[in-house]
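File shown here: target19.tsv, holding TSV, C-alpha atoms (C1' of nucleotides).
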chain	number	residue	atom	x	y	z
A	1	MET	CA	0.00	0.00	0.00
A	2	SER	CA	2.44	2.61	1.20
A	3	GLU	CA	5.13	3.66	-1.22
A	4	VAL	CA	7.58	4.13	1.62
A	5	ARG	CA	9.01	0.78	2.60
A	6	GLN	CA	9.74	0.37	6.24
A	7	PRO	CA	13.23	-0.59	7.30
A	8	VAL	CA	13.50	-4.32	7.78
A	9	PRO	CA	16.11	-5.85	10.08
A	10	ALA	CA	18.85	-7.51	8.08
A	11	ASN	CA	19.32	-11.23	8.56
A	12	ASP	CA	22.62	-11.92	10.25
A	13	ARG	CA	24.09	-14.05	12.98
A	14	GLU	CA	21.95	-12.33	15.57
A	15	THR	CA	18.69	-13.06	13.80
A	16	ALA	CA	17.68	-16.26	15.54
A	17	ALA	CA	20.04	-15.96	18.47
A	18	ASN	CA	18.52	-13.90	21.16
A	19	ARG	CA	16.34	-13.86	24.20
A	20	ASP	CA	17.38	-17.13	25.76
A	21	ASP	CA	21.07	-16.79	24.97
A	22	LYS	CA	23.62	-15.53	27.42
A	23	LEU	CA	24.89	-11.98	27.17
A	24	GLU	CA	28.42	-13.14	26.47
A	25	LEU	CA	27.34	-15.11	23.42
A	26	ARG	CA	25.11	-12.35	22.10
A	27	LEU	CA	27.92	-9.88	22.56
A	28	TRP	CA	30.28	-12.10	20.60
A	29	LEU	CA	27.77	-12.54	17.79
A	30	ARG	CA	27.19	-8.81	17.57
A	31	LEU	CA	30.89	-8.09	17.61
A	32	LEU	CA	31.40	-10.57	14.79
A	33	THR	CA	28.49	-9.09	12.88
A	34	CYS	CA	29.94	-5.57	13.10
A	35	SER	CA	33.38	-6.73	12.15
A	36	SER	CA	32.12	-8.76	9.19
A	37	LEU	CA	29.88	-5.93	8.01
A	38	ILE	CA	32.69	-3.40	7.91
A	39	GLU	CA	35.05	-5.94	6.41
A	40	GLN	CA	32.65	-6.80	3.60
A	41	ASN	CA	32.12	-3.17	2.81
A	42	VAL	CA	35.82	-2.39	2.71
A	43	ARG	CA	36.52	-5.51	0.70
A	44	GLY	CA	33.88	-4.66	-1.89
A	45	ALA	CA	34.96	-1.05	-2.14
A	46	LEU	CA	38.63	-2.01	-2.55
A	47	ARG	CA	37.68	-4.32	-5.38
A	48	LEU	CA	35.44	-1.82	-7.12
A	49	GLN	CA	37.61	1.26	-6.77
A	50	PHE	CA	41.13	-0.14	-6.77
A	51	ASP	CA	40.79	-3.68	-8.07
A	52	THR	CA	42.61	-5.07	-5.06
A	53	THR	CA	41.85	-7.11	-1.96
A	54	LEU	CA	41.73	-6.48	1.76
A	55	PRO	CA	44.70	-8.72	2.67
A	56	ARG	CA	46.84	-6.97	0.08
A	57	PHE	CA	45.82	-3.54	1.32
A	58	ASP	CA	46.36	-4.67	4.90
A	59	LEU	CA	49.86	-5.88	4.17
A	60	LEU	CA	50.76	-2.63	2.40
A	61	ALA	CA	49.34	-0.69	5.35
A	62	GLN	CA	51.51	-2.60	7.80
A	63	LEU	CA	54.59	-1.90	5.72
A	64	ASP	CA	53.71	1.76	5.34
A	65	ARG	CA	53.75	2.11	9.11
A	66	ALA	CA	57.16	0.44	9.31
A	67	PRO	CA	59.53	2.36	7.02
A	68	ASP	CA	62.39	-0.03	7.72
A	69	GLY	CA	60.30	-2.96	6.63
A	70	LEU	CA	59.11	-5.96	8.58
A	71	THR	CA	60.07	-9.61	8.68
A	72	MET	CA	57.64	-12.28	7.64
A	73	SER	CA	57.12	-13.19	11.29
A	74	GLU	CA	56.38	-9.62	12.28
A	75	LEU	CA	53.87	-9.32	9.47
A	76	SER	CA	52.32	-12.61	10.50
A	77	ALA	CA	51.95	-11.42	14.10
A	78	ARG	CA	50.55	-8.01	13.26
A	79	MET	CA	48.10	-9.24	10.70
A	80	MET	CA	47.24	-12.17	12.94
A	81	VAL	CA	47.45	-14.74	10.18
A	82	SER	CA	49.63	-17.78	9.68
A	83	ASN	CA	53.19	-17.68	8.43
A	84	GLY	CA	52.35	-19.52	5.25
A	85	ASN	CA	49.69	-17.00	4.47
A	86	ILE	CA	52.21	-14.16	4.53
A	87	THR	CA	54.55	-16.06	2.26
A	88	GLY	CA	51.87	-16.33	-0.39
A	89	LEU	CA	50.63	-12.78	-0.01
A	90	ALA	CA	54.14	-11.34	-0.16
A	91	ASP	CA	54.89	-13.47	-3.22
A	92	ARG	CA	51.90	-12.07	-5.06
A	93	LEU	CA	52.59	-8.47	-4.07
A	94	ALA	CA	56.24	-8.89	-5.05
A	95	GLU	CA	55.16	-10.20	-8.46
A	96	GLU	CA	53.07	-7.08	-8.85
A	97	GLY	CA	56.08	-5.00	-7.93
A	98	LEU	CA	54.51	-3.44	-4.84
A	99	VAL	CA	56.84	-4.93	-2.22
A	100	LYS	CA	60.38	-6.24	-2.20
A	101	ARG	CA	62.31	-8.70	-0.06
A	102	THR	CA	65.68	-7.72	1.37
A	103	PRO	CA	67.68	-10.59	2.87
A	104	SER	CA	68.72	-9.89	6.43
A	105	GLN	CA	72.44	-9.46	6.99
A	106	ARG	CA	72.42	-10.71	10.53
A	107	ASP	CA	70.17	-13.68	10.08
A	108	ARG	CA	70.19	-15.59	6.85
A	109	ARG	CA	66.88	-17.21	7.73
A	110	SER	CA	64.91	-14.01	7.58
A	111	SER	CA	64.28	-11.16	5.21
A	112	HIS	CA	62.78	-7.74	5.50
A	113	ILE	CA	59.79	-6.91	3.37
A	114	SER	CA	59.28	-3.28	2.42
A	115	LEU	CA	57.27	-1.16	0.04
A	116	THR	CA	58.69	-0.39	-3.38
A	117	PRO	CA	58.12	3.15	-4.68
A	118	ALA	CA	55.24	1.71	-6.71
A	119	GLY	CA	53.86	0.10	-3.58
A	120	LYS	CA	54.16	3.32	-1.61
A	121	LYS	CA	52.44	5.21	-4.39
A	122	ALA	CA	49.63	2.68	-4.64
A	123	PHE	CA	49.10	2.78	-0.88
A	124	ASP	CA	49.15	6.58	-0.72
A	125	THR	CA	46.47	6.67	-3.38
A	126	MET	CA	44.26	4.24	-1.56
A	127	THR	CA	44.62	5.14	2.10
A	128	PRO	CA	42.76	8.49	2.22
A	129	VAL	CA	39.85	6.94	0.33
A	130	HIS	CA	39.91	3.97	2.67
A	131	GLU	CA	39.88	6.28	5.66
A	132	GLY	CA	36.84	8.01	4.20
A	133	TRP	CA	34.96	4.72	4.04
A	134	ILE	CA	35.70	3.99	7.68
A	135	ASP	CA	34.69	7.51	8.76
A	136	ARG	CA	31.48	7.21	6.83
A	137	MET	CA	30.53	3.86	8.32
A	138	MET	CA	31.05	5.22	11.83
A	139	ALA	CA	29.28	8.49	11.20
A	140	GLY	CA	26.31	7.39	13.29
A	141	LEU	CA	28.39	7.43	16.49
A	142	SER	CA	29.26	10.52	18.45
A	143	ARG	CA	32.83	11.30	19.39
A	144	GLN	CA	32.11	10.25	22.93
A	145	GLU	CA	30.49	6.98	21.91
A	146	MET	CA	33.51	6.14	19.78
A	147	GLN	CA	35.84	6.81	22.67
A	148	GLN	CA	33.72	4.72	24.98
A	149	LEU	CA	33.59	1.89	22.48
A	150	PHE	CA	37.33	2.12	21.96
A	151	GLN	CA	37.92	1.89	25.68
A	152	LEU	CA	35.55	-1.03	26.21
A	153	LEU	CA	37.09	-2.93	23.32
A	154	GLY	CA	40.46	-2.34	24.95
A	155	LYS	CA	39.18	-4.04	28.06
A	156	LEU	CA	37.78	-6.89	26.01
A	157	LYS	CA	41.08	-7.34	24.22
A	158	GLN	CA	42.87	-7.53	27.53
A	159	SER	CA	40.35	-10.02	28.84
A	160	VAL	CA	40.73	-12.29	25.82
A	161	HIS	CA	44.51	-12.23	26.14
A	162	GLN	CA	44.32	-13.10	29.81
A	163	ASN	CA	41.79	-15.85	29.42
A	164	ALA	CA	42.78	-17.28	26.09
A	165	VAL	CA	41.54	-20.79	25.50
A	166	GLU	CA	44.81	-22.04	24.09
A	167	ALA	CA	48.35	-20.81	23.53
A	168	ASP	CA	48.04	-19.27	26.96
A	169	GLU	CA	51.56	-18.01	27.37
A	170	GLY	CA	50.60	-15.73	30.18
A	171	ASP	CA	52.94	-12.90	29.28
A	172	LYS	CA	51.24	-11.17	26.42
A	173	VAL	CA	48.88	-8.33	26.92
B	1	MET	CA	67.45	-10.43	36.48
B	2	SER	CA	63.91	-10.75	37.76
B	3	GLU	CA	62.27	-14.13	37.51
B	4	VAL	CA	58.90	-12.56	36.98
B	5	ARG	CA	58.55	-11.54	33.37
B	6	GLN	CA	56.58	-8.39	32.81
B	7	PRO	CA	53.62	-8.50	30.49
B	8	VAL	CA	54.59	-7.37	27.01
B	9	PRO	CA	52.01	-5.88	24.63
B	10	ALA	CA	51.21	-8.31	21.87
B	11	ASN	CA	51.95	-7.20	18.33
B	12	ASP	CA	48.77	-6.74	16.41
B	13	ARG	CA	47.17	-4.35	13.96
B	14	GLU	CA	47.23	-1.59	16.55
B	15	THR	CA	50.95	-1.83	17.17
B	16	ALA	CA	52.19	0.78	14.75
B	17	ALA	CA	48.90	2.52	14.17
B	18	ASN	CA	48.28	5.06	16.81
B	19	ARG	CA	48.77	8.60	17.94
B	20	ASP	CA	48.48	10.32	14.61
B	21	ASP	CA	45.62	8.19	13.31
B	22	LYS	CA	42.02	9.18	13.47
B	23	LEU	CA	39.77	7.76	16.14
B	24	GLU	CA	37.57	6.08	13.54
B	25	LEU	CA	40.47	4.15	12.09
B	26	ARG	CA	41.87	3.16	15.48
B	27	LEU	CA	38.43	2.01	16.52
B	28	TRP	CA	38.11	-0.15	13.43
B	29	LEU	CA	41.55	-1.67	13.97
B	30	ARG	CA	40.76	-2.45	17.58
B	31	LEU	CA	37.41	-3.94	16.66
B	32	LEU	CA	39.08	-6.13	14.06
B	33	THR	CA	41.76	-7.13	16.55
B	34	CYS	CA	39.19	-8.21	19.13
B	35	SER	CA	37.17	-10.08	16.58
B	36	SER	CA	40.20	-11.86	15.15
B	37	LEU	CA	41.52	-12.73	18.60
B	38	ILE	CA	38.31	-14.39	19.69
B	39	GLU	CA	37.92	-16.06	16.34
B	40	GLN	CA	41.40	-17.54	16.43
B	41	ASN	CA	40.84	-18.85	19.92
B	42	VAL	CA	37.55	-20.46	19.06
B	43	ARG	CA	38.97	-21.87	15.84
B	44	GLY	CA	41.92	-23.44	17.62
B	45	ALA	CA	39.80	-24.82	20.43
B	46	LEU	CA	37.29	-26.33	17.99
B	47	ARG	CA	40.10	-28.05	16.18
B	48	LEU	CA	41.79	-29.35	19.32
B	49	GLN	CA	38.72	-30.48	21.20
B	50	PHE	CA	36.32	-31.47	18.45
B	51	ASP	CA	38.44	-31.76	15.34
B	52	THR	CA	36.18	-29.42	13.43
B	53	THR	CA	36.25	-25.90	12.03
B	54	LEU	CA	34.55	-22.61	12.76
B	55	PRO	CA	32.55	-22.39	9.52
B	56	ARG	CA	31.21	-25.90	10.09
B	57	PHE	CA	30.28	-25.13	13.69
B	58	ASP	CA	28.73	-21.86	12.59
B	59	LEU	CA	26.58	-23.53	9.97
B	60	LEU	CA	25.40	-26.16	12.46
B	61	ALA	CA	24.62	-23.39	14.96
B	62	GLN	CA	22.50	-21.54	12.43
B	63	LEU	CA	20.56	-24.70	11.66
B	64	ASP	CA	20.11	-25.53	15.33
B	65	ARG	CA	18.34	-22.22	15.80
B	66	ALA	CA	16.05	-22.89	12.86
B	67	PRO	CA	14.34	-26.22	13.50
B	68	ASP	CA	12.55	-26.14	10.17
B	69	GLY	CA	15.82	-25.71	8.36
B	70	LEU	CA	17.06	-22.88	6.21
B	71	THR	CA	17.52	-22.36	2.51
B	72	MET	CA	20.96	-21.83	1.05
B	73	SER	CA	20.20	-18.14	0.61
B	74	GLU	CA	19.11	-17.73	4.21
B	75	LEU	CA	22.27	-19.43	5.40
B	76	SER	CA	24.32	-17.22	3.13
B	77	ALA	CA	22.68	-14.08	4.51
B	78	ARG	CA	22.95	-15.06	8.16
B	79	MET	CA	26.53	-16.23	7.97
B	80	MET	CA	27.36	-13.26	5.76
B	81	VAL	CA	29.27	-15.29	3.22
B	82	SER	CA	28.74	-15.88	-0.50
B	83	ASN	CA	26.27	-18.33	-1.94
B	84	GLY	CA	28.95	-20.50	-3.43
B	85	ASN	CA	30.63	-20.81	-0.08
B	86	ILE	CA	27.49	-22.25	1.46
B	87	THR	CA	27.17	-24.77	-1.35
B	88	GLY	CA	30.61	-26.14	-0.58
B	89	LEU	CA	30.20	-26.12	3.19
B	90	ALA	CA	26.83	-27.83	3.01
B	91	ASP	CA	28.25	-30.42	0.63
B	92	ARG	CA	31.02	-31.32	3.07
B	93	LEU	CA	28.72	-31.42	6.08
B	94	ALA	CA	26.25	-33.55	4.15
B	95	GLU	CA	29.05	-35.97	3.27
B	96	GLU	CA	29.84	-36.21	6.95
B	97	GLY	CA	26.19	-36.95	7.63
B	98	LEU	CA	25.62	-33.90	9.82
B	99	VAL	CA	23.13	-32.06	7.61
B	100	LYS	CA	20.64	-33.05	4.95
B	101	ARG	CA	19.03	-31.29	2.00
B	102	THR	CA	15.28	-31.45	1.55
B	103	PRO	CA	14.01	-30.18	-1.81
B	104	SER	CA	11.39	-27.49	-1.40
B	105	GLN	CA	7.91	-28.45	-2.50
B	106	ARG	CA	6.85	-24.99	-3.44
B	107	ASP	CA	9.98	-23.90	-5.26
B	108	ARG	CA	11.98	-26.38	-7.20
B	109	ARG	CA	14.97	-24.05	-7.25
B	110	SER	CA	15.53	-24.17	-3.53
B	111	SER	CA	16.06	-26.72	-0.81
B	112	HIS	CA	15.95	-26.64	2.94
B	113	ILE	CA	19.06	-27.65	4.83
B	114	SER	CA	18.55	-29.11	8.28
B	115	LEU	CA	20.46	-31.00	10.95
B	116	THR	CA	20.43	-34.77	10.88
B	117	PRO	CA	20.15	-36.51	14.27
B	118	ALA	CA	23.92	-36.98	14.12
B	119	GLY	CA	24.35	-33.29	13.37
B	120	LYS	CA	22.08	-32.31	16.24
B	121	LYS	CA	23.97	-34.61	18.56
B	122	ALA	CA	27.34	-33.24	17.48
B	123	PHE	CA	26.16	-29.68	17.95
B	124	ASP	CA	24.64	-30.38	21.36
B	125	THR	CA	27.96	-31.82	22.47
B	126	MET	CA	29.93	-28.84	21.29
B	127	THR	CA	27.74	-25.86	22.12
B	128	PRO	CA	27.99	-25.82	25.95
B	129	VAL	CA	31.76	-26.12	25.69
B	130	HIS	CA	31.83	-23.38	23.08
B	131	GLU	CA	29.75	-21.16	25.33
B	132	GLY	CA	32.23	-21.74	28.11
B	133	TRP	CA	35.09	-20.51	25.93
B	134	ILE	CA	33.20	-17.31	25.13
B	135	ASP	CA	32.29	-16.73	28.76
B	136	ARG	CA	35.86	-17.23	29.77
B	137	MET	CA	37.26	-14.81	27.21
B	138	MET	CA	34.83	-12.14	28.38
B	139	ALA	CA	35.37	-12.76	32.05
B	140	GLY	CA	37.34	-9.53	32.41
B	141	LEU	CA	34.26	-7.41	31.71
B	142	SER	CA	31.57	-6.64	34.22
B	143	ARG	CA	27.93	-7.27	33.45
B	144	GLN	CA	27.41	-3.57	32.98
B	145	GLU	CA	30.39	-3.19	30.67
B	146	MET	CA	29.10	-6.03	28.53
B	147	GLN	CA	25.71	-4.41	28.28
B	148	GLN	CA	27.25	-1.09	27.39
B	149	LEU	CA	29.45	-2.68	24.77
B	150	PHE	CA	26.49	-4.59	23.38
B	151	GLN	CA	24.51	-1.39	23.10
B	152	LEU	CA	27.31	0.59	21.48
B	153	LEU	CA	27.96	-2.16	18.96
B	154	GLY	CA	24.26	-2.05	18.18
B	155	LYS	CA	24.63	1.58	17.30
B	156	LEU	CA	27.69	0.87	15.22
B	157	LYS	CA	25.89	-1.87	13.34
B	158	GLN	CA	23.08	0.50	12.56
B	159	SER	CA	25.52	3.17	11.43
B	160	VAL	CA	27.31	0.79	9.09
B	161	HIS	CA	24.04	-0.34	7.57
B	162	GLN	CA	22.95	3.24	7.02
B	163	ASN	CA	26.23	4.41	5.58
B	164	ALA	CA	27.33	1.33	3.70
B	165	VAL	CA	29.88	2.01	1.00
B	166	GLU	CA	28.20	-0.21	-1.57
B	167	ALA	CA	25.06	-2.25	-1.97
B	168	ASP	CA	23.32	0.61	-0.26
B	169	GLU	CA	19.77	-0.57	-0.63
B	170	GLY	CA	18.57	1.82	2.00
B	171	ASP	CA	15.97	-0.45	3.52
B	172	LYS	CA	17.94	-2.79	5.70
B	173	VAL	CA	18.65	-2.16	9.33
C	1	DT	C1'	82.58	-28.43	21.13
C	2	DG	C1'	78.61	-30.48	19.59
C	3	DA	C1'	74.11	-32.37	20.36
C	4	DT	C1'	69.67	-30.32	21.17
C	5	DA	C1'	66.37	-26.99	20.93
C	6	DT	C1'	64.51	-22.94	19.02
C	7	DT	C1'	63.44	-19.71	15.40
C	8	DA	C1'	62.27	-18.07	10.56
C	9	DT	C1'	60.47	-19.24	6.59
C	10	DT	C1'	58.59	-22.13	2.88
C	11	DT	C1'	56.03	-25.94	1.21
C	12	DT	C1'	52.09	-28.93	1.08
C	13	DA	C1'	47.40	-30.40	1.27
C	14	DA	C1'	42.99	-29.39	2.34
C	15	DG	C1'	39.52	-26.30	3.32
C	16	DT	C1'	37.37	-21.70	3.05
C	17	DA	C1'	36.05	-17.61	0.42
C	18	DT	C1'	34.99	-14.60	-3.33
C	19	DA	C1'	33.17	-12.85	-7.88
C	20	DA	C1'	31.35	-13.93	-12.01
C	21	DA	C1'	29.15	-16.92	-15.19
C	22	DA	C1'	25.91	-20.56	-15.89
C	23	DT	C1'	21.66	-23.03	-15.07
C	24	DA	C1'	17.14	-23.44	-14.01
C	25	DA	C1'	12.82	-22.13	-12.03
C	26	DA	C1'	9.56	-18.57	-10.68
C	27	DT	C1'	7.57	-13.96	-11.35
C	28	DT	C1'	6.07	-9.94	-13.82
C	29	DG	C1'	4.00	-6.98	-17.23
C	30	DG	C1'	2.13	-6.39	-21.57
D	1	DC	C1'	0.03	-16.54	-22.64
D	2	DC	C1'	4.87	-15.20	-23.24
D	3	DA	C1'	9.05	-12.46	-23.35
D	4	DA	C1'	11.83	-10.30	-20.05
D	5	DT	C1'	13.30	-10.11	-15.50
D	6	DT	C1'	14.26	-11.78	-11.11
D	7	DT	C1'	15.49	-15.30	-7.87
D	8	DA	C1'	17.92	-19.61	-6.02
D	9	DT	C1'	21.51	-22.28	-6.52
D	10	DT	C1'	25.64	-24.35	-8.56
D	11	DT	C1'	29.86	-24.12	-11.08
D	12	DT	C1'	34.25	-22.20	-12.22
D	13	DA	C1'	38.48	-19.95	-11.55
D	14	DT	C1'	41.26	-17.82	-8.49
D	15	DA	C1'	42.69	-16.14	-4.17
D	16	DC	C1'	43.10	-16.65	0.70
D	17	DT	C1'	43.85	-19.32	4.93
D	18	DT	C1'	45.15	-22.74	7.95
D	19	DA	C1'	47.81	-26.59	10.20
D	20	DA	C1'	51.42	-29.42	9.79
D	21	DA	C1'	55.63	-30.94	7.85
D	22	DA	C1'	59.95	-29.70	5.91
D	23	DT	C1'	64.22	-26.79	5.55
D	24	DA	C1'	67.57	-24.24	7.07
D	25	DA	C1'	69.87	-21.22	10.20
D	26	DT	C1'	70.69	-19.67	14.90
D	27	DA	C1'	70.94	-20.19	19.91
D	28	DT	C1'	71.75	-22.84	24.08
D	29	DC	C1'	74.26	-25.34	27.29
D	30	DA	C1'	76.22	-29.43	29.32
Let me see whether you can do it: turn the structure in this file into structure tokens.
Amino acid sequence: MSEVRQPVPANDRETAANRDDKLELRLWLRLLTCSSLIEQNVRGALRLQFDTTLPRFDLLAQLDRAPDGLTMSELSARMMVSNGNITGLADRLAEEGLVKRTPSQRDRRSSHISLTPAGKKAFDTMTPVHEGWIDRMMAGLSRQEMQQLFQLLGKLKQSVHQNAVEADEGDKV
Amino acid sequence: MSEVRQPVPANDRETAANRDDKLELRLWLRLLTCSSLIEQNVRGALRLQFDTTLPRFDLLAQLDRAPDGLTMSELSARMMVSNGNITGLADRLAEEGLVKRTPSQRDRRSSHISLTPAGKKAFDTMTPVHEGWIDRMMAGLSRQEMQQLFQLLGKLKQSVHQNAVEADEGDKV
DNA sequence: TGATATTATTTTAAGTATAAAATAAATTGG
DNA sequence: CCAATTTATTTTATACTTAAAATAATATCA
């Protein structure tokens, strides 16, 4: 009847998971929903506007913040993915001429990955646009809400580190 | 010197990304860090304790909450992954005898996926343990902090839906 | 020293994920 | 009714991701 369609809740992980579930579980599902939502948006936009992927952009971003380059292990830790994953990603980006490997002098096992000029240029083109996407997606939150969210997520992060299910080394925060 | 090692900040996406970055970006990186952390923990625990994977568990969980089963499209929407992904996952789980496809009577294009008794049993074994992992990882937050976080993430979710970069249909919440 | 352990990376195999094209069935509008 | 469109799913090709094994180099310490 009406020409104005009412907003309809999107179907996501929270759809059928509610009332009777514990707060912890609902919180996790909502956190995952938010994270996935933003990730999908960024992923799609990177593909459409720059014909690249999120892992590639992420790797370039890590390198941009580390002018002296990073080892494979450091990249693996910061991006929180497996070693083998980084090997493949770095291979592809090196093929495209965006990153280069420099063998370490002190340790012949490791090498430093860094941006090539082409890689730096590509990243510098993308990053302000990327930042705009993030700003836009968070536009519905006030400054204060963002700060509060940031602080609460900091607490959550600490809690997960302290109570990790496995690999509980006890000395990471 | 001391026998008591001091906690050392873990290296993650936030490591080199700070001071000079905008709040929005830092918030996104922290959100992604939290999400990845929990995900990795759950993934590892599922593998160690039940020799299964997160996508499989996730699909079973979705079906458990929908006793009448779900179509491929519904699963795809709720798990926020592509259609083709669901096809493959459902194929593997069907091979393992945990889910079954029932052709729809009304629409010959679609089928309903549902848990088999074996699938239900497997899920019922895993879910209380899974819930314990989540509870444990969130143990550092008070009830009130969890509620606040839940509420703020709700706002964020809404904001992302409203300001999506692409596929902005304008009628989903 | 030299055996042992640890660390850094790559390789392998399998699974997970996407986008795009293909297939097939249902819906819509003339 | 029927041509055109939309919808549901699968297929294809490629990329990403992991865990585990393999390699190779470094560190440790009796």
(message) So that I can check the surroundings of range 7-20 of chain C, please list as a ChimeraX atom specification every protein, DNA and RNA residue that reaches within 7 Å of it, counting all atoms listed in the file and ignoring chain neighbours fewer than 5 positions away.
(response) /A:109-110 /B:82,85
Go through chain B residue by residue and, counting all atoms listed in the file, keep those with an atom at most 10 Å from chain C; for each kept residue give the shortest atom pair and its distance in Å to one decimal, ordered by chain and increasing number, as a Markdown table.
| residue | atom | partner | partner_atom | distance |
| --- | --- | --- | --- | --- |
| B:Thr53 | CA | C:DG15 | C1' | 9.3 |
| B:Pro55 | CA | C:DT16 | C1' | 8.1 |
| B:Val81 | CA | C:DA17 | C1' | 7.7 |
| B:Ser82 | CA | C:DT18 | C1' | 7.0 |
| B:Asn83 | CA | C:DT18 | C1' | 9.6 |
| B:Gly84 | CA | C:DT18 | C1' | 8.4 |
| B:Asn85 | CA | C:DA17 | C1' | 6.3 |
| B:Ile86 | CA | C:DA17 | C1' | 9.8 |
| B:Gly88 | CA | C:DT16 | C1' | 8.9 |
| B:Leu89 | CA | C:DT16 | C1' | 8.4 |
| B:Arg92 | CA | C:DG15 | C1' | 9.9 |
| B:Asp107 | CA | C:DA25 | C1' | 7.6 |
| B:Arg108 | CA | C:DA25 | C1' | 6.5 |
| B:Arg109 | CA | C:DA25 | C1' | 5.6 |
| B:Ser110 | CA | C:DA25 | C1' | 9.2 |
Just to be explicit: take each residue in the selection above, keep C-alpha atoms, and write the result as a PDB file, keeping the file's coordinate frame.
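This went into again_21.pdb:
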ATOM      1  CA  THR B  53      36.250 -25.900  12.030  1.00  0.00           C
ATOM      2  CA  PRO B  55      32.550 -22.390   9.520  1.00  0.00           C
ATOM      3  CA  VAL B  81      29.270 -15.290   3.220  1.00  0.00           C
ATOM      4  CA  SER B  82      28.740 -15.880  -0.500  1.00  0.00           C
ATOM      5  CA  ASN B  83      26.270 -18.330  -1.940  1.00  0.00           C
ATOM      6  CA  GLY B  84      28.950 -20.500  -3.430  1.00  0.00           C
ATOM      7  CA  ASN B  85      30.630 -20.810  -0.080  1.00  0.00           C
ATOM      8  CA  ILE B  86      27.490 -22.250   1.460  1.00  0.00           C
ATOM      9  CA  GLY B  88      30.610 -26.140  -0.580  1.00  0.00           C
ATOM     10  CA  LEU B  89      30.200 -26.120   3.190  1.00  0.00           C
ATOM     11  CA  ARG B  92      31.020 -31.320   3.070  1.00  0.00           C
ATOM     12  CA  ASP B 107       9.980 -23.900  -5.260  1.00  0.00           C
ATOM     13  CA  ARG B 108      11.980 -26.380  -7.200  1.00  0.00           C
ATOM     14  CA  ARG B 109      14.970 -24.050  -7.250  1.00  0.00           C
ATOM     15  CA  SER B 110      15.530 -24.170  -3.530  1.00  0.00           C
TER      16      SER B 110
END
(request) Find the residues around Gly44 in chain B up to 12 Å (only C-alpha atoms (C1' of nucleotides) counted), leave out those fewer than 5 positions away in its own chain, and share them as a PyMOL selection string. (result) (chain A and resi 164-168) or (chain B and resi 36-39+49-54+130+133) or (chain D and resi 18-19)
Just C-alpha atoms (C1' of nucleotides) for this one: save the residues we selected as a PDB file, keeping the file's coordinate frame.
ATOM      1  CA  ALA A 164      42.780 -17.280  26.090  1.00  0.00           C
ATOM      2  CA  VAL A 165      41.540 -20.790  25.500  1.00  0.00           C
ATOM      3  CA  GLU A 166      44.810 -22.040  24.090  1.00  0.00           C
ATOM      4  CA  ALA A 167      48.350 -20.810  23.530  1.00  0.00           C
ATOM      5  CA  ASP A 168      48.040 -19.270  26.960  1.00  0.00           C
TER       6      ASP A 168
ATOM      7  CA  SER B  36      40.200 -11.860  15.150  1.00  0.00           C
ATOM      8  CA  LEU B  37      41.520 -12.730  18.600  1.00  0.00           C
ATOM      9  CA  ILE B  38      38.310 -14.390  19.690  1.00  0.00           C
ATOM     10  CA  GLU B  39      37.920 -16.060  16.340  1.00  0.00           C
ATOM     11  CA  GLN B  49      38.720 -30.480  21.200  1.00  0.00           C
ATOM     12  CA  PHE B  50      36.320 -31.470  18.450  1.00  0.00           C
ATOM     13  CA  ASP B  51      38.440 -31.760  15.340  1.00  0.00           C
ATOM     14  CA  THR B  52      36.180 -29.420  13.430  1.00  0.00           C
ATOM     15  CA  THR B  53      36.250 -25.900  12.030  1.00  0.00           C
ATOM     16  CA  LEU B  54      34.550 -22.610  12.760  1.00  0.00           C
ATOM     17  CA  HIS B 130      31.830 -23.380  23.080  1.00  0.00           C
ATOM     18  CA  TRP B 133      35.090 -20.510  25.930  1.00  0.00           C
TER      19      TRP B 133
ATOM     20  C1'  DT D  18      45.150 -22.740   7.950  1.00  0.00           C
ATOM     21  C1'  DA D  19      47.810 -26.590  10.200  1.00  0.00           C
TER      22       DA D  19
END
Box for range 68-82 of chain B: with edges along x, y and z, all listed atoms inside and 6 Å added on each side, what are the centre and edge lengths in Å to one decimal, as AutoDock Vina command-line options?
--center_x 20.9 --center_y -19.7 --center_z 4.8 --size_x 28.7 --size_y 24.9 --size_z 22.7
(message) One decimal, in Å: what's the spacing between CA of Asp64 in chain B and CA of Met80 in chain B?
(response) 17.2 Å
(request) Would you work out the distance separating CA of Leu70 in chain A from CA of Ile113 in chain A, expressed in Å to one decimal? (result)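 Taking CA of Leu70 in chain A and CA of Ile113 in chain A, their separation equals 5.3 Å.
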(request) Tell me which of B:Ser111, B:Thr116, B:Ser104, B:Gln147 sits closest to DT9 in chain D, counting all atoms listed in the file. (result)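 Under the stated criterion, the closest residue is B:Ser111.
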For the interface of chain D with chain A (cut-off 12 Å, counting all atoms listed in the file), please tabulate each contacting residue of chain D alongside its nearest pair of atoms and their separation in Å to one decimal, rows sorted by chain and increasing number, as CSV.
residue,atom,partner,partner_atom,distance
D:DA15,C1',A:Thr53,CA,9.3
D:DC16,C1',A:Asn85,CA,7.6
D:DT17,C1',A:Asn85,CA,6.3
D:DT18,C1',A:Ser82,CA,6.9
D:DA19,C1',A:Ser82,CA,9.0
D:DA20,C1',A:Gly84,CA,10.9
D:DT23,C1',A:Arg109,CA,10.2
D:DA24,C1',A:Arg109,CA,7.1
D:DA25,C1',A:Arg109,CA,5.6
D:DT26,C1',A:Asp107,CA,7.7
D:DA27,C1',A:Asp107,CA,11.8
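Coordinates place CA of Leu23 in chain B at a distance of 26.9 Å from CA of Asn41 in chain B.
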(request) Point out the residue among A:Cys34, A:Leu75, A:Ala122, A:Leu46 with the least atom-to-atom distance to chain B, counting all atoms listed in the file. (result)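 Among A:Cys34, A:Leu75, A:Ala122, A:Leu46, it is A:Cys34 that comes nearest to chain B.
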